[in-house]
>>> print(open('final_39.txt').read())   # compact mmCIF, C-alpha atoms
# COMPACT_ATOMS: atom_id res chain seq x y z
CA MET A 53 0.00 0.00 0.00
CA ASP A 54 1.49 3.34 -1.05
CA GLY A 55 1.43 6.54 0.95
CA HIS A 56 -1.71 7.91 -0.71
CA SER A 57 -3.67 4.66 -0.21
CA HIS A 58 -2.58 4.55 3.43
CA LEU A 59 -3.85 8.10 3.82
CA LEU A 60 -7.19 7.16 2.25
CA SER A 61 -7.64 4.23 4.62
CA ARG A 62 -7.17 6.44 7.69
CA LEU A 63 -9.53 9.25 6.66
CA ALA A 64 -12.90 9.56 8.35
CA TRP A 65 -14.98 9.64 5.21
CA THR A 66 -17.66 12.25 4.74
CA THR A 67 -19.20 13.64 1.57
CA SER A 68 -17.20 16.86 1.86
CA THR A 69 -13.99 14.87 2.45
CA ALA A 70 -14.56 12.82 -0.68
CA PHE A 71 -15.28 15.88 -2.83
CA SER A 72 -12.31 17.76 -1.37
CA LEU A 73 -9.99 14.86 -2.20
CA LEU A 74 -11.24 14.73 -5.78
CA TYR A 75 -10.66 18.46 -6.16
CA ALA A 76 -7.19 18.20 -4.64
CA ALA A 77 -6.33 15.41 -7.06
CA THR A 78 -6.87 17.71 -10.01
CA ILE A 79 -4.51 20.44 -8.78
CA THR A 80 -1.74 18.38 -7.16
CA SER A 81 0.47 15.48 -8.15
CA LEU A 82 -1.97 12.97 -6.58
CA LYS A 83 -2.99 10.53 -9.32
CA LEU A 84 -6.66 10.43 -10.29
CA SER A 85 -6.51 6.63 -10.40
CA THR A 86 -5.78 6.69 -6.68
CA CYS A 87 -9.10 8.41 -6.07
CA PHE A 88 -11.05 6.23 -8.48
CA SER A 89 -9.60 2.99 -7.11
CA ALA A 90 -9.99 3.85 -3.43
CA THR A 91 -12.21 1.15 -1.96
CA HIS A 92 -13.74 3.42 0.64
CA MET A 93 -14.78 5.99 -1.91
CA CYS A 94 -16.23 3.52 -4.39
CA SER A 95 -18.18 1.60 -1.75
CA HIS A 96 -19.46 4.40 0.45
CA PHE A 97 -19.42 7.35 -1.99
CA PRO A 98 -20.25 6.27 -5.58
CA LEU A 99 -19.04 8.77 -8.16
CA ASN A 100 -22.01 10.91 -9.17
CA THR A 101 -22.41 14.01 -11.34
CA LYS A 102 -21.16 16.38 -8.64
CA SER A 103 -17.97 14.45 -7.92
CA PHE A 104 -17.23 13.93 -11.62
CA ASN A 105 -17.75 17.66 -12.22
CA ILE A 106 -14.99 18.42 -9.70
CA VAL A 107 -12.51 16.28 -11.62
CA LEU A 108 -13.80 17.56 -14.97
CA ASN A 109 -13.38 21.17 -13.88
CA GLY A 110 -9.83 20.41 -12.74
CA TRP A 111 -8.76 19.07 -16.13
CA ALA A 112 -10.82 21.58 -18.14
CA ASN A 113 -10.16 24.87 -16.35
CA ILE A 114 -7.42 24.50 -13.73
CA ILE A 115 -5.00 22.35 -15.75
CA GLY A 116 -6.51 23.21 -19.16
CA ASN A 117 -6.15 19.83 -20.85
CA PRO A 118 -8.97 19.25 -23.40
CA ARG A 119 -7.89 15.67 -24.08
CA ASN A 120 -8.17 14.53 -20.46
CA ALA A 121 -11.34 16.58 -20.02
CA GLU A 122 -12.88 14.59 -22.88
CA ARG A 123 -11.70 11.38 -21.22
CA ILE A 124 -13.50 12.29 -17.99
CA TRP A 125 -16.59 13.19 -20.05
CA ALA A 126 -16.49 9.78 -21.75
CA GLU A 127 -15.99 8.07 -18.39
CA MET A 128 -19.15 9.74 -17.11
CA THR A 129 -21.06 8.37 -20.11
CA ASN A 130 -19.62 4.88 -19.66
CA ARG A 131 -20.61 4.79 -15.99
CA GLY A 132 -24.10 6.04 -16.74
CA VAL A 133 -23.56 9.36 -14.93
CA SER A 134 -25.65 12.18 -16.38
CA HIS A 135 -24.17 15.48 -17.55
CA ASP A 136 -25.69 18.64 -16.09
CA ALA A 137 -25.24 22.33 -16.93
CA ILE A 138 -22.04 22.51 -14.87
CA SER A 139 -20.56 19.60 -16.83
CA TYR A 140 -21.30 21.33 -20.11
CA SER A 141 -19.97 24.67 -18.87
CA CYS A 142 -16.66 23.03 -17.87
CA LEU A 143 -16.20 21.40 -21.28
CA ILE A 144 -17.32 24.47 -23.25
CA SER A 145 -15.01 26.70 -21.21
CA CYS A 146 -12.07 24.33 -21.83
CA HIS A 147 -12.53 24.37 -25.63
CA SER A 148 -13.19 28.11 -25.70
CA LYS A 149 -9.81 28.74 -24.04
CA SER A 150 -8.14 26.57 -26.67
CA SER A 151 -9.86 28.65 -29.43
CA ASN A 152 -11.87 25.69 -30.73
CA LEU A 153 -15.08 27.52 -31.64
CA THR A 154 -16.41 24.64 -33.77
CA LYS A 155 -16.20 22.26 -30.80
CA VAL A 156 -17.80 24.83 -28.51
CA LEU A 157 -20.82 25.30 -30.79
CA THR A 158 -21.15 21.54 -31.28
CA ILE A 159 -21.32 20.94 -27.53
CA PHE A 160 -23.79 23.80 -27.10
CA ARG A 161 -26.10 22.37 -29.79
CA ARG A 162 -25.89 18.94 -28.17
CA MET A 163 -26.77 20.53 -24.85
CA LYS A 164 -29.88 22.22 -26.26
CA LYS A 165 -30.91 19.02 -28.06
CA LEU A 166 -30.85 17.12 -24.75
CA ASN A 167 -32.93 19.90 -23.10
CA VAL A 168 -30.19 20.85 -20.64
CA GLU A 169 -30.82 24.48 -19.74
CA PRO A 170 -27.62 26.54 -20.05
CA ASP A 171 -26.60 28.63 -17.05
CA THR A 172 -24.57 31.83 -16.74
CA LYS A 173 -21.23 29.99 -16.91
CA VAL A 174 -22.20 28.36 -20.21
CA TYR A 175 -23.12 31.73 -21.74
CA ASN A 176 -19.91 33.29 -20.39
CA ALA A 177 -17.84 30.60 -22.08
CA LEU A 178 -19.77 31.02 -25.34
CA ILE A 179 -19.37 34.80 -25.30
CA TYR A 180 -15.65 34.42 -24.63
CA ALA A 181 -15.26 31.93 -27.50
CA LEU A 182 -17.23 34.08 -29.95
CA GLY A 183 -15.33 37.22 -28.98
CA LYS A 184 -11.97 35.50 -29.23
CA ALA A 185 -12.87 34.33 -32.73
CA GLY A 186 -13.79 37.89 -33.73
CA HIS A 187 -17.59 37.47 -33.86
CA LEU A 188 -18.42 40.69 -31.99
CA ASN A 189 -22.08 41.08 -32.97
CA GLU A 190 -22.83 37.45 -32.14
CA ALA A 191 -21.21 37.83 -28.72
CA ILE A 192 -23.24 40.99 -27.92
CA ASN A 193 -26.47 39.41 -29.17
CA LEU A 194 -25.81 36.34 -27.05
CA MET A 195 -25.57 38.51 -23.94
CA LYS A 196 -28.96 40.01 -24.84
CA THR A 197 -30.39 36.50 -25.28
CA MET A 198 -28.95 35.60 -21.91
CA GLN A 199 -30.74 38.53 -20.27
CA GLU A 200 -34.02 37.71 -22.03
CA LYS A 201 -33.91 34.27 -20.43
CA GLY A 202 -33.63 35.82 -16.99
CA LEU A 203 -29.91 35.22 -16.50
CA VAL A 204 -27.93 38.13 -15.09
CA PRO A 205 -24.54 38.88 -16.72
CA THR A 206 -21.63 38.71 -14.32
CA ILE A 207 -18.34 40.59 -14.23
CA VAL A 208 -16.85 37.74 -16.29
CA THR A 209 -19.43 38.36 -19.03
CA TYR A 210 -18.65 42.06 -19.25
CA ASN A 211 -14.88 41.54 -19.05
CA SER A 212 -15.02 39.12 -21.99
CA LEU A 213 -16.94 41.64 -24.10
CA ILE A 214 -14.70 44.57 -23.13
CA LYS A 215 -11.55 42.61 -23.96
CA THR A 216 -12.98 41.58 -27.32
CA LEU A 217 -14.14 45.09 -28.25
CA CYS A 218 -10.84 46.73 -27.26
CA LYS A 219 -8.87 44.18 -29.25
CA ALA A 220 -11.05 44.93 -32.29
CA GLY A 221 -10.53 48.69 -31.87
CA GLU A 222 -14.15 49.37 -30.84
CA ILE A 223 -13.14 51.56 -27.89
CA ASP A 224 -16.35 53.62 -27.71
CA GLN A 225 -18.48 50.49 -27.61
CA ALA A 226 -16.22 49.03 -24.91
CA LYS A 227 -16.68 52.21 -22.83
CA HIS A 228 -20.44 51.88 -23.28
CA ILE A 229 -20.30 48.30 -21.95
CA LEU A 230 -18.20 49.49 -18.99
CA HIS A 231 -20.70 52.27 -18.22
CA GLN A 232 -23.59 49.82 -18.49
CA MET A 233 -21.82 47.40 -16.17
CA MET A 234 -21.18 50.01 -13.48
CA GLU A 235 -24.31 52.16 -13.69
CA GLN A 236 -27.04 49.67 -14.58
CA ARG A 237 -25.71 46.51 -12.94
CA GLY A 238 -23.77 48.09 -10.08
CA LEU A 239 -20.77 45.81 -10.68
CA VAL A 240 -17.32 46.85 -9.49
CA PRO A 241 -14.61 46.70 -12.21
CA THR A 242 -11.63 44.41 -11.70
CA ILE A 243 -8.05 44.36 -12.96
CA GLN A 244 -9.21 42.36 -15.99
CA THR A 245 -11.72 45.11 -16.79
CA TYR A 246 -9.11 47.86 -17.12
CA HIS A 247 -6.19 46.01 -18.70
CA PRO A 248 -7.73 45.90 -22.21
CA PHE A 249 -8.15 49.70 -22.08
CA PHE A 250 -4.52 50.18 -21.02
CA ARG A 251 -3.34 48.08 -23.96
CA VAL A 252 -4.96 50.42 -26.50
CA VAL A 253 -4.25 53.86 -24.99
CA THR A 254 -1.88 55.99 -27.05
CA THR A 255 -0.99 58.95 -24.80
CA ALA A 256 0.57 59.36 -21.37
CA ASP A 257 -2.24 61.67 -20.21
CA ARG A 258 -4.79 58.99 -21.03
CA VAL A 259 -2.76 56.38 -19.12
CA PHE A 260 -2.67 58.41 -15.90
CA GLU A 261 -6.29 59.45 -16.32
CA LEU A 262 -7.30 55.81 -16.57
CA LEU A 263 -5.11 54.93 -13.58
CA GLU A 264 -6.86 57.54 -11.44
CA LYS A 265 -10.27 56.31 -12.56
CA MET A 266 -9.22 52.77 -11.76
CA LYS A 267 -8.15 53.71 -8.23
CA SER A 268 -11.32 55.78 -7.64
CA THR A 269 -13.49 52.72 -8.28
CA GLY A 270 -11.66 50.76 -5.57
CA CYS A 271 -9.60 48.68 -7.99
CA SER A 272 -5.89 49.02 -7.20
CA PRO A 273 -3.38 48.31 -9.98
CA ASN A 274 -1.21 45.25 -9.43
CA THR A 275 2.31 44.41 -10.52
CA ASP A 276 1.16 43.23 -13.96
CA THR A 277 -0.51 46.60 -14.52
CA TYR A 278 2.65 48.54 -13.70
CA ILE A 279 4.90 46.27 -15.78
CA MET A 280 2.60 46.62 -18.79
CA LEU A 281 2.57 50.43 -18.50
CA ILE A 282 6.31 50.68 -17.86
CA ARG A 283 6.95 48.72 -21.06
CA LYS A 284 4.60 51.03 -22.91
CA PHE A 285 6.41 54.13 -21.68
CA CYS A 286 9.77 52.55 -22.53
CA GLN A 287 8.55 52.07 -26.11
CA TRP A 288 7.49 55.71 -26.15
CA ARG A 289 10.91 56.72 -24.69
CA GLN A 290 9.25 58.58 -21.80
CA LEU A 291 11.73 57.76 -19.03
CA ASP A 292 10.28 60.30 -16.58
CA ASN A 293 6.98 58.44 -16.60
CA VAL A 294 8.84 55.13 -16.26
CA PHE A 295 10.50 56.28 -13.03
CA LYS A 296 7.21 57.75 -11.82
CA LEU A 297 5.43 54.41 -12.18
CA TRP A 298 8.41 52.58 -10.75
CA GLY A 299 8.20 54.75 -7.64
CA GLU A 300 4.56 53.75 -7.20
CA MET A 301 5.23 50.11 -7.94
CA LYS A 302 8.26 49.54 -5.67
CA PRO A 303 6.46 49.63 -2.27
CA ARG A 304 3.74 47.33 -3.62
CA THR A 305 6.36 44.91 -4.93
CA GLU A 306 8.10 44.78 -1.56
CA GLU A 307 4.78 44.11 0.19
CA MET A 308 3.96 41.40 -2.34
CA LEU A 309 7.34 39.71 -1.86
CA GLN A 310 7.01 39.80 1.92
CA ALA A 311 3.53 38.28 1.69
CA TRP A 312 4.80 35.65 -0.73
CA PHE A 313 7.75 34.71 1.51
CA SER A 314 5.56 34.51 4.61
CA GLY A 315 3.02 32.39 2.73
CA LYS A 316 5.82 30.14 1.47
CA GLN A 317 7.06 29.65 5.01
CA GLN A 318 3.58 28.68 6.17
CA THR A 319 2.84 26.26 3.32
CA SER A 320 6.28 24.62 3.24
CA LYS A 321 5.57 23.21 6.68
CA PHE A 322 2.92 20.92 5.22
CA GLN A 323 4.65 19.97 1.97
CA SER A 324 6.42 16.64 1.65
CA THR A 325 7.29 14.17 -1.10
CA ASP A 326 7.65 10.38 -1.07
CA GLY A 327 11.17 9.30 -0.18
CA GLU A 328 12.29 12.80 0.81
CA VAL A 329 12.63 14.59 4.11
CA ASP A 330 10.36 17.56 4.80
CA PRO A 331 12.22 20.84 4.25
CA VAL A 332 10.77 22.18 7.51
CA ASP A 333 10.74 20.36 10.83
CA ARG A 334 7.11 19.53 11.69
CA THR A 335 7.79 19.74 15.41
CA GLN A 336 8.63 23.44 15.22
CA PRO A 337 5.96 26.16 15.01
CA ALA A 338 5.66 28.23 11.86
CA THR A 339 6.95 31.33 13.64
CA ASN A 340 10.36 29.73 14.06
CA THR A 341 10.63 28.92 10.38
CA LYS A 342 13.40 30.92 8.76
CA LEU A 343 13.94 31.43 5.09
CA GLU A 344 17.60 31.00 4.29
CA ILE A 345 18.77 33.46 1.68
CA HIS A 346 22.19 33.17 0.13
CA LYS A 347 24.21 36.27 0.97
CA LYS A 348 26.64 37.43 -1.67
CA SER A 349 30.22 38.03 -0.68
CA PRO A 350 31.64 41.58 -0.89
CA GLN A 351 33.64 40.49 -3.95
CA GLU A 352 30.47 39.35 -5.73
CA LYS A 353 28.65 42.59 -4.88
CA ASP A 354 31.61 44.69 -6.04
CA PHE A 355 31.83 42.70 -9.26
CA ARG A 356 28.12 43.17 -10.01
CA GLN A 357 28.27 46.90 -9.26
CA GLN A 358 31.17 47.49 -11.68
CA PRO A 359 30.12 46.66 -15.23
CA GLU A 360 33.60 47.40 -16.50
CA SER A 361 34.75 44.27 -14.66
CA HIS A 362 32.54 42.18 -16.93
CA ILE A 363 34.04 43.85 -19.99
CA SER A 364 37.54 43.35 -18.69
CA CYS A 365 36.92 39.68 -18.00
CA LYS A 366 35.44 39.15 -21.45
CA PHE A 367 38.38 40.96 -23.04
CA HIS A 368 41.00 38.87 -21.22
CA LEU A 369 39.10 35.69 -21.97
CA ALA A 370 38.93 36.51 -25.69
CA ARG A 371 42.58 37.52 -25.68
CA GLY A 372 43.56 34.25 -24.01
CA LYS A 373 41.69 32.25 -26.60
CA ALA A 374 43.36 34.23 -29.39
CA ASN A 375 46.80 33.55 -27.88
CA ASP A 376 46.01 29.85 -27.66
CA ARG A 377 44.98 29.78 -31.31
CA GLY A 378 48.14 31.68 -32.24
CA SER A 379 50.41 29.29 -30.37
CA VAL A 380 48.78 26.26 -32.01
CA GLN A 381 49.18 27.79 -35.48
CA GLY A 382 52.84 28.61 -34.70
CA LYS A 383 53.58 25.02 -33.72
CA LYS A 384 52.00 23.79 -36.95
CA LYS A 385 54.24 26.12 -39.01
CA GLU A 386 57.37 24.90 -37.21
CA LYS A 387 56.34 21.30 -37.84
CA ARG A 388 55.91 21.98 -41.58
CA LYS A 389 59.39 23.58 -41.76
CA LEU A 390 60.98 20.56 -40.11
CA GLU A 391 59.22 18.23 -42.53
CA ARG A 392 60.57 20.20 -45.51
>>> encode(input="final_39.txt", output="structure tokens")
Amino acid sequence: MDGHSHLLSRLAWTTSTAFSLLYAATITSLKLSTCFSATHMCSHFPLNTKSFNIVLNGWANIIGNPRNAERIWAEMTNRGVSHDAISYSCLISCHSKSSNLTKVLTIFRRMKKLNVEPDTKVYNALIYALGKAGHLNEAINLMKTMQEKGLVPTIVTYNSLIKTLCKAGEIDQAKHILHQMMEQRGLVPTIQTYHPFFRVVTTADRVFELLEKMKSTGCSPNTDTYIMLIRKFCQWRQLDNVFKLWGEMKPRTEEMLQAWFSGKQQTSKFQSTDGEVDPVDRTQPATNTKLEIHKKSPQEKDFRQQPESHISCKFHLARGKANDRGSVQGKKKEKRKLER
């Protein structure tokens, strides 16, 4: 019995435990066959639509593997497990991310033929797929159809449309969708809402105006936002604005790194692999966990701070190679003379 099977045999099985294990199997190195072959799960908790959907969502959306998602779909059919709206939304979303519009529409038609009522997630995936393929009018009309059926568009719906419209150069229409989202629906924009607008702005004034609007709505720019804008200003050769954004970004980056290191210290306590020793002693509390960082020697620091040292090293290295080649050629000439 391997480590995972031993763990399964010791768990006090509940429905939530079984579902949590299936979900964990899709996002960790735990093999799916371990879950499927576990005697306790198969006997006490038969795999139904809900449990299969957890695994299907893992392959379709978390890992993003259409082939294995189709395998789970076929396994559901073979076991006589019915597909519900969540199952269809997982598969449609998977193929929409891989830009397979034909497959998306085929699954959607099959869904309607079997009288499975599509939910908001299904429409979101369809709108994303249509927009990504450049079918703007169809994507907008589908959102109207969605509303006519009593389904309320979410922030994901609006973000998909805004991204599509900005990419197609329909900036005014994208602004109209943003206004409709905020004023009529009362939805708060996210980072994904503003990034498409940043990608199409052409002036520095417009960039900072959009940044202020973004902050006023309670949506703070993240590191990706700053990096994208810094690259844009570098292309425009506006170094003053580069340093201005860098000054805003630096404190946030330090906070992010500190949070990441503290989170890494907490999670590393519970991470282990078969045949290896845990990197952190389990008997010690998390507060005593220290992150060892390699400190550079003064020579290394001095070398990195003086770029001319790099040039000098490269020069001497090239010169040494040239001398070696010269000496070899000289020996060959002497050998030829002796032979003559």
>>> atom_distance(input="final_39.txt", atom1="CA of Arg123 in chain A", atom2="CA of Lys102 in chain A")
16.5 Å
>>> atom_distance(input="final_39.txt", atom1="CA of Val133 in chain A", atom2="CA of Asn100 in chain A")
6.2 Å
>>> closest_residue(input="final_39.txt", among="A:Val208, A:Ile214, A:Val252, A:Ser145", to="His228 in chain A", atoms="all atoms listed in the file")
A:Ile214
>>> closest_residue(input="final_39.txt", among="A:Ser212, A:Thr129, A:Thr242, A:Thr254", to="Thr269 in chain A", atoms="all atoms listed in the file")
A:Thr242
>>> atom_distance(input="final_39.txt", atom1="CA of Pro205 in chain A", atom2="CA of Leu230 in chain A")
12.6 Å
>>> residues_around(input="final_39.txt", residues="range 283-290 of chain A", least_positions_apart="3", cutoff="10 Å", atoms="only C-alpha atoms", output="ChimeraX atom specification")
/A:250-251,253-256,259,278-280,293-295,297
>>> residues_near_point(input="final_39.txt", point="(-28.2, 24.1, -21.6)", cutoff="10 Å", atoms="all atoms listed in the file", output="count of residues only")
21
>>> closest_residue(input="final_39.txt", among="A:Val156, A:Val204, A:Met233, A:Ala121", to="Ala185 in chain A", atoms="all atoms listed in the file")
A:Val156
>>> residues_around(input="final_39.txt", residues="Pro303 in chain A", least_positions_apart="6", cutoff="12 Å", atoms="all atoms listed in the file", output="list in words")
Asn274, Thr275, Leu297, Leu309 and Gln310 of chain A
>>> closest_residue(input="final_39.txt", among="A:Glu222, A:Glu235, A:Glu127, A:Glu122", to="His147 in chain A", atoms="all atoms listed in the file")
A:Glu122
>>> residues_around(input="final_39.txt", residues="Met266 in chain A", least_positions_apart="4", cutoff="9 Å", atoms="all atoms listed in the file", output="PDB file with C-alpha atoms, in the frame of the given file")
ATOM      1  CA  PRO A 241     -14.610  46.700 -12.210  1.00  0.00           C
ATOM      2  CA  THR A 242     -11.630  44.410 -11.700  1.00  0.00           C
ATOM      3  CA  ILE A 243      -8.050  44.360 -12.960  1.00  0.00           C
ATOM      4  CA  TYR A 246      -9.110  47.860 -17.120  1.00  0.00           C
ATOM      5  CA  GLU A 261      -6.290  59.450 -16.320  1.00  0.00           C
ATOM      6  CA  LEU A 262      -7.300  55.810 -16.570  1.00  0.00           C
ATOM      7  CA  GLY A 270     -11.660  50.760  -5.570  1.00  0.00           C
ATOM      8  CA  CYS A 271      -9.600  48.680  -7.990  1.00  0.00           C
ATOM      9  CA  SER A 272      -5.890  49.020  -7.200  1.00  0.00           C
ATOM     10  CA  PRO A 273      -3.380  48.310  -9.980  1.00  0.00           C
TER      11      PRO A 273
END
>>> closest_residue(input="final_39.txt", among="A:Ala226, A:Ala126, A:Ile282, A:Ala191", to="Ser139 in chain A", atoms="all atoms listed in the file")
A:Ala126
>>> closest_residue(input="final_39.txt", among="A:Tyr210, A:Phe260, A:Trp125, A:Trp298", to="Phe104 in chain A", atoms="all atoms listed in the file")
A:Trp125
